[in-house]
$ cat upload.txt   # compact mmCIF, N, CA and C atoms
# COMPACT_ATOMS: atom_id res chain seq x y z
N MET O 1 66.96 -32.77 212.23
CA MET O 1 66.20 -32.74 211.01
C MET O 1 65.61 -31.35 210.77
N PHE O 2 64.95 -30.78 211.78
CA PHE O 2 64.34 -29.48 211.63
C PHE O 2 65.17 -28.37 212.27
N THR O 3 66.41 -28.64 212.54
CA THR O 3 67.25 -27.63 213.20
C THR O 3 68.18 -27.00 212.16
N SER O 4 68.58 -25.80 212.48
CA SER O 4 69.56 -25.13 211.64
C SER O 4 70.53 -24.40 212.54
N LYS O 5 71.67 -24.06 212.02
CA LYS O 5 72.67 -23.36 212.81
C LYS O 5 72.36 -21.89 212.92
N LYS O 6 71.55 -21.37 212.01
CA LYS O 6 71.20 -19.96 212.05
C LYS O 6 69.93 -19.81 212.87
N ILE O 7 69.93 -18.96 213.85
CA ILE O 7 68.76 -18.71 214.68
C ILE O 7 68.33 -17.27 214.46
N GLN O 8 67.06 -17.10 214.17
CA GLN O 8 66.52 -15.78 213.95
C GLN O 8 65.67 -15.42 215.15
N THR O 9 65.92 -14.28 215.73
CA THR O 9 65.12 -13.84 216.86
C THR O 9 64.17 -12.75 216.40
N VAL O 10 62.98 -12.76 216.99
CA VAL O 10 61.97 -11.77 216.64
C VAL O 10 61.65 -11.01 217.91
N GLY O 11 61.66 -9.69 217.80
CA GLY O 11 61.42 -8.87 218.97
C GLY O 11 59.95 -8.75 219.32
N THR O 12 59.11 -8.42 218.34
CA THR O 12 57.68 -8.22 218.60
C THR O 12 56.86 -9.05 217.60
N VAL O 13 55.58 -9.13 217.90
CA VAL O 13 54.67 -9.85 217.01
C VAL O 13 54.56 -9.12 215.68
N LYS O 14 54.59 -7.79 215.72
CA LYS O 14 54.49 -6.99 214.48
C LYS O 14 55.66 -7.30 213.56
N GLU O 15 56.85 -7.42 214.12
CA GLU O 15 58.01 -7.78 213.30
C GLU O 15 57.88 -9.19 212.75
N PHE O 16 57.26 -10.10 213.52
CA PHE O 16 57.08 -11.46 213.06
C PHE O 16 56.08 -11.54 211.90
N LEU O 17 54.98 -10.77 212.00
CA LEU O 17 53.97 -10.80 210.96
C LEU O 17 54.40 -10.04 209.71
N ASN O 18 55.18 -8.98 209.87
CA ASN O 18 55.70 -8.21 208.74
C ASN O 18 57.22 -8.28 208.76
N PRO O 19 57.77 -9.36 208.23
CA PRO O 19 59.22 -9.52 208.36
C PRO O 19 59.98 -8.55 207.47
N SER O 20 61.09 -8.12 207.99
CA SER O 20 62.02 -7.30 207.22
C SER O 20 63.13 -8.24 206.75
N PRO O 21 64.07 -7.75 205.99
CA PRO O 21 65.16 -8.64 205.57
C PRO O 21 65.79 -9.35 206.77
N VAL O 22 66.20 -10.56 206.55
CA VAL O 22 66.69 -11.43 207.63
C VAL O 22 67.98 -10.90 208.22
N LYS O 23 67.95 -10.79 209.56
CA LYS O 23 69.15 -10.41 210.28
C LYS O 23 69.77 -11.69 210.81
N GLU O 24 71.03 -11.90 210.49
CA GLU O 24 71.68 -13.11 210.98
C GLU O 24 72.15 -12.86 212.40
N SER O 25 71.89 -13.86 213.22
CA SER O 25 72.28 -13.75 214.62
C SER O 25 72.91 -15.05 215.04
N THR O 26 73.87 -14.96 215.90
CA THR O 26 74.53 -16.17 216.36
C THR O 26 74.18 -16.46 217.82
N GLU O 27 73.29 -15.66 218.41
CA GLU O 27 72.97 -15.91 219.80
C GLU O 27 72.01 -17.10 219.91
N VAL O 28 72.12 -17.83 220.98
CA VAL O 28 71.32 -19.01 221.22
C VAL O 28 70.35 -18.70 222.34
N ILE O 29 69.09 -19.02 222.14
CA ILE O 29 68.08 -18.78 223.17
C ILE O 29 68.10 -19.95 224.12
N THR O 30 68.35 -19.67 225.36
CA THR O 30 68.36 -20.73 226.37
C THR O 30 67.55 -20.27 227.56
N GLY O 31 67.17 -21.21 228.38
CA GLY O 31 66.47 -20.87 229.61
C GLY O 31 65.05 -20.44 229.35
N GLN O 32 64.56 -19.53 230.21
CA GLN O 32 63.17 -19.15 230.16
C GLN O 32 62.89 -18.05 229.14
N GLU O 33 63.90 -17.44 228.56
CA GLU O 33 63.65 -16.39 227.59
C GLU O 33 62.95 -16.94 226.36
N GLY O 34 63.30 -18.13 225.91
CA GLY O 34 62.71 -18.70 224.71
C GLY O 34 61.42 -19.46 224.97
N MET O 35 61.08 -19.70 226.21
CA MET O 35 59.92 -20.51 226.53
C MET O 35 58.60 -19.93 226.05
N PRO O 36 58.30 -18.63 226.25
CA PRO O 36 57.00 -18.13 225.78
C PRO O 36 56.84 -18.24 224.27
N PHE O 37 57.90 -17.94 223.53
CA PHE O 37 57.80 -18.01 222.08
C PHE O 37 57.62 -19.45 221.61
N VAL O 38 58.36 -20.38 222.18
CA VAL O 38 58.24 -21.79 221.81
C VAL O 38 56.86 -22.30 222.18
N PHE O 39 56.36 -21.96 223.36
CA PHE O 39 55.04 -22.41 223.79
C PHE O 39 53.96 -21.80 222.90
N GLY O 40 54.12 -20.52 222.56
CA GLY O 40 53.15 -19.88 221.68
C GLY O 40 53.16 -20.49 220.29
N ALA O 41 54.30 -20.92 219.81
CA ALA O 41 54.37 -21.54 218.49
C ALA O 41 53.76 -22.93 218.51
N MET O 42 53.74 -23.58 219.67
CA MET O 42 53.21 -24.94 219.77
C MET O 42 51.70 -24.97 219.98
N LEU O 43 51.07 -23.84 220.33
CA LEU O 43 49.63 -23.84 220.59
C LEU O 43 48.80 -24.30 219.41
N PRO O 44 49.03 -23.82 218.18
CA PRO O 44 48.22 -24.31 217.07
C PRO O 44 48.34 -25.82 216.87
N VAL O 45 49.54 -26.35 217.07
CA VAL O 45 49.74 -27.79 216.93
C VAL O 45 48.96 -28.52 218.01
N PHE O 46 48.97 -27.98 219.23
CA PHE O 46 48.28 -28.61 220.34
C PHE O 46 46.77 -28.66 220.10
N PHE O 47 46.19 -27.57 219.57
CA PHE O 47 44.75 -27.54 219.37
C PHE O 47 44.31 -28.41 218.19
N THR O 48 45.16 -28.56 217.20
CA THR O 48 44.78 -29.41 216.07
C THR O 48 44.94 -30.89 216.40
N MET O 49 45.68 -31.21 217.43
CA MET O 49 45.89 -32.61 217.78
C MET O 49 44.81 -33.14 218.73
N GLN O 50 43.86 -32.31 219.12
CA GLN O 50 42.80 -32.78 220.01
C GLN O 50 41.93 -33.80 219.28
N PRO O 51 41.59 -34.90 219.94
CA PRO O 51 40.76 -35.91 219.27
C PRO O 51 39.33 -35.41 219.09
N SER O 52 38.72 -35.81 218.01
CA SER O 52 37.32 -35.45 217.80
C SER O 52 36.46 -36.53 218.40
N MET O 53 35.32 -36.14 218.93
CA MET O 53 34.45 -37.09 219.59
C MET O 53 33.46 -37.67 218.58
N SER O 54 33.22 -38.96 218.70
CA SER O 54 32.18 -39.60 217.89
C SER O 54 31.41 -40.52 218.82
N PHE O 55 30.14 -40.61 218.57
CA PHE O 55 29.28 -41.40 219.44
C PHE O 55 28.76 -42.61 218.68
N ALA O 56 28.58 -43.70 219.37
CA ALA O 56 28.13 -44.94 218.75
C ALA O 56 26.72 -44.81 218.20
N ALA O 57 25.86 -44.02 218.82
CA ALA O 57 24.48 -43.89 218.36
C ALA O 57 24.44 -43.28 216.97
N THR O 58 25.32 -42.31 216.70
CA THR O 58 25.36 -41.69 215.38
C THR O 58 25.81 -42.70 214.34
N THR O 59 26.80 -43.51 214.67
CA THR O 59 27.29 -44.51 213.74
C THR O 59 26.23 -45.58 213.49
N ALA O 60 25.51 -45.98 214.53
CA ALA O 60 24.49 -47.01 214.39
C ALA O 60 23.34 -46.52 213.51
N THR O 61 22.92 -45.28 213.70
CA THR O 61 21.83 -44.77 212.88
C THR O 61 22.28 -44.60 211.44
N ALA O 62 23.52 -44.20 211.23
CA ALA O 62 24.02 -44.07 209.87
C ALA O 62 24.08 -45.44 209.21
N SER O 63 24.52 -46.44 209.96
CA SER O 63 24.58 -47.79 209.43
C SER O 63 23.19 -48.32 209.13
N ALA O 64 22.22 -48.03 210.01
CA ALA O 64 20.85 -48.49 209.79
C ALA O 64 20.25 -47.81 208.57
N SER O 65 20.53 -46.52 208.38
CA SER O 65 19.97 -45.83 207.22
C SER O 65 20.60 -46.35 205.93
N VAL O 66 21.86 -46.74 205.97
CA VAL O 66 22.50 -47.30 204.79
C VAL O 66 21.86 -48.64 204.44
N LYS O 67 21.59 -49.46 205.46
CA LYS O 67 20.94 -50.75 205.21
C LYS O 67 19.55 -50.56 204.64
N GLU O 68 18.80 -49.60 205.17
CA GLU O 68 17.46 -49.33 204.64
C GLU O 68 17.53 -48.85 203.20
N GLU O 69 18.50 -48.01 202.91
CA GLU O 69 18.67 -47.50 201.56
C GLU O 69 19.02 -48.62 200.58
N VAL O 70 19.90 -49.52 201.00
CA VAL O 70 20.29 -50.63 200.14
C VAL O 70 19.10 -51.56 199.90
N SER O 71 18.34 -51.86 200.95
CA SER O 71 17.18 -52.74 200.78
C SER O 71 16.13 -52.09 199.88
N ARG O 72 15.94 -50.79 200.00
CA ARG O 72 14.98 -50.10 199.13
C ARG O 72 15.45 -50.17 197.67
N LYS O 73 16.75 -50.00 197.44
CA LYS O 73 17.27 -50.04 196.08
C LYS O 73 17.15 -51.44 195.48
N VAL O 74 17.33 -52.48 196.32
CA VAL O 74 17.19 -53.85 195.83
C VAL O 74 15.75 -54.09 195.40
N ILE O 75 14.81 -53.67 196.23
CA ILE O 75 13.40 -53.85 195.91
C ILE O 75 13.03 -53.06 194.65
N ASP O 76 13.51 -51.83 194.55
CA ASP O 76 13.23 -51.00 193.37
C ASP O 76 13.85 -51.59 192.10
N ALA O 77 15.01 -52.25 192.24
CA ALA O 77 15.67 -52.83 191.07
C ALA O 77 14.86 -54.00 190.50
N PHE O 78 14.18 -54.76 191.37
CA PHE O 78 13.41 -55.90 190.91
C PHE O 78 11.96 -55.56 190.58
N ASN O 79 11.53 -54.33 190.80
CA ASN O 79 10.15 -53.95 190.51
C ASN O 79 9.74 -54.18 189.05
N PRO O 80 10.54 -53.80 188.05
CA PRO O 80 10.09 -54.06 186.67
C PRO O 80 9.90 -55.55 186.37
N LEU O 81 10.79 -56.37 186.93
CA LEU O 81 10.68 -57.80 186.69
C LEU O 81 9.43 -58.38 187.36
N THR O 82 9.18 -57.99 188.60
CA THR O 82 7.99 -58.51 189.29
C THR O 82 6.71 -58.02 188.63
N GLU O 83 6.69 -56.78 188.15
CA GLU O 83 5.50 -56.27 187.46
C GLU O 83 5.27 -57.02 186.14
N LEU O 84 6.35 -57.34 185.43
CA LEU O 84 6.22 -58.09 184.18
C LEU O 84 5.66 -59.49 184.45
N VAL O 85 6.20 -60.18 185.45
CA VAL O 85 5.73 -61.53 185.75
C VAL O 85 4.29 -61.49 186.24
N GLN O 86 3.95 -60.48 187.06
CA GLN O 86 2.55 -60.36 187.51
C GLN O 86 1.61 -60.08 186.34
N GLY O 87 2.05 -59.29 185.40
CA GLY O 87 1.23 -58.99 184.23
C GLY O 87 1.01 -60.22 183.35
N LEU O 88 2.02 -61.07 183.27
CA LEU O 88 1.90 -62.29 182.46
C LEU O 88 1.17 -63.42 183.20
N SER O 89 1.05 -63.32 184.51
CA SER O 89 0.46 -64.43 185.28
C SER O 89 -1.03 -64.61 184.98
N TYR O 90 -1.77 -63.55 184.78
CA TYR O 90 -3.21 -63.69 184.52
C TYR O 90 -3.49 -64.40 183.20
N PRO O 91 -2.87 -63.98 182.07
CA PRO O 91 -3.13 -64.73 180.82
C PRO O 91 -2.65 -66.18 180.87
N LEU O 92 -1.49 -66.41 181.54
CA LEU O 92 -1.00 -67.79 181.63
C LEU O 92 -1.91 -68.66 182.50
N ALA O 93 -2.41 -68.09 183.59
CA ALA O 93 -3.36 -68.84 184.43
C ALA O 93 -4.64 -69.12 183.65
N PHE O 94 -5.08 -68.17 182.85
CA PHE O 94 -6.28 -68.39 182.01
C PHE O 94 -6.05 -69.52 181.02
N LEU O 95 -4.89 -69.56 180.39
CA LEU O 95 -4.58 -70.65 179.45
C LEU O 95 -4.51 -71.99 180.17
N ALA O 96 -3.90 -72.01 181.37
CA ALA O 96 -3.81 -73.26 182.12
C ALA O 96 -5.19 -73.75 182.54
N PHE O 97 -6.07 -72.85 182.98
CA PHE O 97 -7.44 -73.25 183.35
C PHE O 97 -8.23 -73.71 182.12
N SER O 98 -8.00 -73.08 180.97
CA SER O 98 -8.68 -73.50 179.75
C SER O 98 -8.24 -74.90 179.35
N ALA O 99 -6.90 -75.14 179.43
CA ALA O 99 -6.40 -76.48 179.10
C ALA O 99 -6.93 -77.52 180.09
N ALA O 100 -7.00 -77.14 181.38
CA ALA O 100 -7.54 -78.06 182.39
C ALA O 100 -9.01 -78.36 182.11
N GLY O 101 -9.77 -77.35 181.64
CA GLY O 101 -11.17 -77.58 181.29
C GLY O 101 -11.32 -78.53 180.11
N ILE O 102 -10.42 -78.41 179.15
CA ILE O 102 -10.47 -79.31 177.99
C ILE O 102 -10.16 -80.74 178.43
N TYR O 103 -9.12 -80.90 179.29
CA TYR O 103 -8.80 -82.23 179.82
C TYR O 103 -9.99 -82.80 180.60
N TRP O 104 -10.68 -81.94 181.35
CA TRP O 104 -11.86 -82.39 182.12
C TRP O 104 -12.95 -82.88 181.18
N LEU O 105 -13.18 -82.13 180.10
CA LEU O 105 -14.20 -82.52 179.13
C LEU O 105 -13.84 -83.83 178.42
N LEU O 106 -12.57 -84.05 178.22
CA LEU O 106 -12.13 -85.26 177.53
C LEU O 106 -12.09 -86.47 178.45
N GLY O 107 -12.32 -86.26 179.75
CA GLY O 107 -12.37 -87.37 180.69
C GLY O 107 -11.08 -87.62 181.45
N ASN O 108 -10.09 -86.82 181.25
CA ASN O 108 -8.81 -86.99 181.97
C ASN O 108 -8.85 -86.10 183.22
N ARG O 109 -9.70 -86.46 184.18
CA ARG O 109 -9.91 -85.63 185.37
C ARG O 109 -8.67 -85.51 186.25
N PRO O 110 -7.90 -86.57 186.50
CA PRO O 110 -6.70 -86.38 187.33
C PRO O 110 -5.73 -85.35 186.74
N LYS O 111 -5.54 -85.40 185.42
CA LYS O 111 -4.65 -84.42 184.77
C LYS O 111 -5.25 -83.02 184.87
N ALA O 112 -6.59 -82.87 184.74
CA ALA O 112 -7.25 -81.58 184.82
C ALA O 112 -7.11 -81.00 186.22
N LEU O 113 -7.32 -81.82 187.25
CA LEU O 113 -7.18 -81.36 188.64
C LEU O 113 -5.74 -80.95 188.94
N GLU O 114 -4.81 -81.73 188.42
CA GLU O 114 -3.39 -81.41 188.63
C GLU O 114 -3.04 -80.07 187.98
N MET O 115 -3.54 -79.82 186.77
CA MET O 115 -3.27 -78.54 186.08
C MET O 115 -3.92 -77.37 186.80
N MET O 116 -5.17 -77.55 187.28
CA MET O 116 -5.85 -76.45 187.99
C MET O 116 -5.15 -76.14 189.32
N GLN O 117 -4.73 -77.19 190.02
CA GLN O 117 -4.03 -76.99 191.28
C GLN O 117 -2.70 -76.26 191.04
N GLY O 118 -1.95 -76.69 190.04
CA GLY O 118 -0.67 -76.04 189.72
C GLY O 118 -0.85 -74.60 189.29
N ALA O 119 -1.88 -74.34 188.46
CA ALA O 119 -2.12 -72.98 187.99
C ALA O 119 -2.55 -72.07 189.14
N THR O 120 -3.38 -72.60 190.03
CA THR O 120 -3.84 -71.79 191.17
C THR O 120 -2.69 -71.44 192.10
N ILE O 121 -1.90 -72.43 192.48
CA ILE O 121 -0.77 -72.19 193.40
C ILE O 121 0.25 -71.25 192.75
N GLY O 122 0.54 -71.46 191.47
CA GLY O 122 1.49 -70.59 190.76
C GLY O 122 1.00 -69.16 190.68
N TYR O 123 -0.30 -68.98 190.39
CA TYR O 123 -0.87 -67.63 190.29
C TYR O 123 -0.78 -66.91 191.63
N ILE O 124 -1.10 -67.62 192.72
CA ILE O 124 -1.05 -67.01 194.06
C ILE O 124 0.39 -66.62 194.41
N ILE O 125 1.34 -67.50 194.13
CA ILE O 125 2.74 -67.21 194.45
C ILE O 125 3.24 -66.00 193.65
N VAL O 126 2.87 -65.93 192.37
CA VAL O 126 3.31 -64.81 191.53
C VAL O 126 2.70 -63.50 192.03
N GLN O 127 1.43 -63.53 192.43
CA GLN O 127 0.79 -62.30 192.89
C GLN O 127 1.34 -61.86 194.25
N LEU O 128 1.84 -62.79 195.03
CA LEU O 128 2.41 -62.45 196.34
C LEU O 128 3.93 -62.20 196.27
N SER O 129 4.52 -62.25 195.09
CA SER O 129 5.97 -62.11 194.97
C SER O 129 6.51 -60.78 195.51
N PRO O 130 5.84 -59.62 195.35
CA PRO O 130 6.39 -58.40 195.96
C PRO O 130 6.46 -58.50 197.49
N MET O 131 5.44 -59.11 198.09
CA MET O 131 5.47 -59.29 199.54
C MET O 131 6.60 -60.25 199.94
N LEU O 132 6.79 -61.31 199.18
CA LEU O 132 7.87 -62.26 199.47
C LEU O 132 9.24 -61.60 199.30
N MET O 133 9.36 -60.71 198.33
CA MET O 133 10.63 -59.99 198.13
C MET O 133 10.93 -59.09 199.32
N ARG O 134 9.94 -58.35 199.78
CA ARG O 134 10.15 -57.49 200.96
C ARG O 134 10.48 -58.32 202.19
N LEU O 135 9.84 -59.46 202.34
CA LEU O 135 10.13 -60.35 203.47
C LEU O 135 11.55 -60.87 203.40
N LEU O 136 11.98 -61.27 202.22
CA LEU O 136 13.33 -61.78 202.05
C LEU O 136 14.38 -60.70 202.33
N VAL O 137 14.14 -59.48 201.85
CA VAL O 137 15.07 -58.38 202.10
C VAL O 137 15.11 -58.02 203.58
N SER O 138 13.97 -58.01 204.25
CA SER O 138 13.97 -57.67 205.67
C SER O 138 14.64 -58.75 206.51
N VAL O 139 14.54 -60.00 206.11
CA VAL O 139 15.20 -61.09 206.85
C VAL O 139 16.70 -60.99 206.67
N THR O 140 17.16 -60.74 205.45
CA THR O 140 18.60 -60.66 205.20
C THR O 140 19.22 -59.34 205.65
N ALA O 141 18.41 -58.32 205.97
CA ALA O 141 18.96 -57.03 206.41
C ALA O 141 19.62 -57.14 207.78
N GLY O 142 19.26 -58.14 208.56
CA GLY O 142 19.86 -58.30 209.89
C GLY O 142 21.27 -58.83 209.86
N PHE O 143 21.73 -59.31 208.72
CA PHE O 143 23.06 -59.92 208.65
C PHE O 143 24.11 -58.96 208.23

$ encode --input "upload.txt" --output "structure tokens"
Amino acid sequence: MFTSKKIQTVGTVKEFLNPSPVKESTEVITGQEGMPFVFGAMLPVFFTMQPSMSFAATTATASASVKEEVSRKVIDAFNPLTELVQGLSYPLAFLAFSAAGIYWLLGNRPKALEMMQGATIGYIIVQLSPMLMRLLVSVTAGF
């Protein structure tokens, strides 16, 4: 595949680096005469074929930093939504407590207590939603 019938011999390195017009030669290099040139031509191939070293610690830290980056981006992506819901939670809780107060005044105490309990639990959950989001992301980061 990479052989040819024409063999070109080079006398010195200077002739090899600054070639003159090609001289055709029919002589065949055999034995030890061709060995230094062939070995010298193979050195660049030998040095480029050396395996590169990689360590597991470097890969693990890169993987860990990628996971941290992804979890940070997930949390940042949901920040506008959580801030919107937190901003709406105070007026909605106020309306629910007002409605519960009206039910209490009208004598429907079980319904008033149920509304106050629901509004309180909902308000607490909404205000703790950023913490719950970080907890959920940290739990799923291990997978």

$ closest_residue --input "upload.txt" --among "O:Asn79, O:Val66, O:Phe16, O:Phe97" --to "Pro130 in chain O" --atoms "all atoms listed in the file"
O:Asn79

$ atom_distance --input "upload.txt" --atom1 "atom C of Gly122 in chain O" --atom2 "atom C of Glu83 in chain O"
13.6 Å

$ atom_distance --input "upload.txt" --atom1 "CA of Gly87 in chain O" --atom2 "CA of Met133 in chain O"
16.8 Å
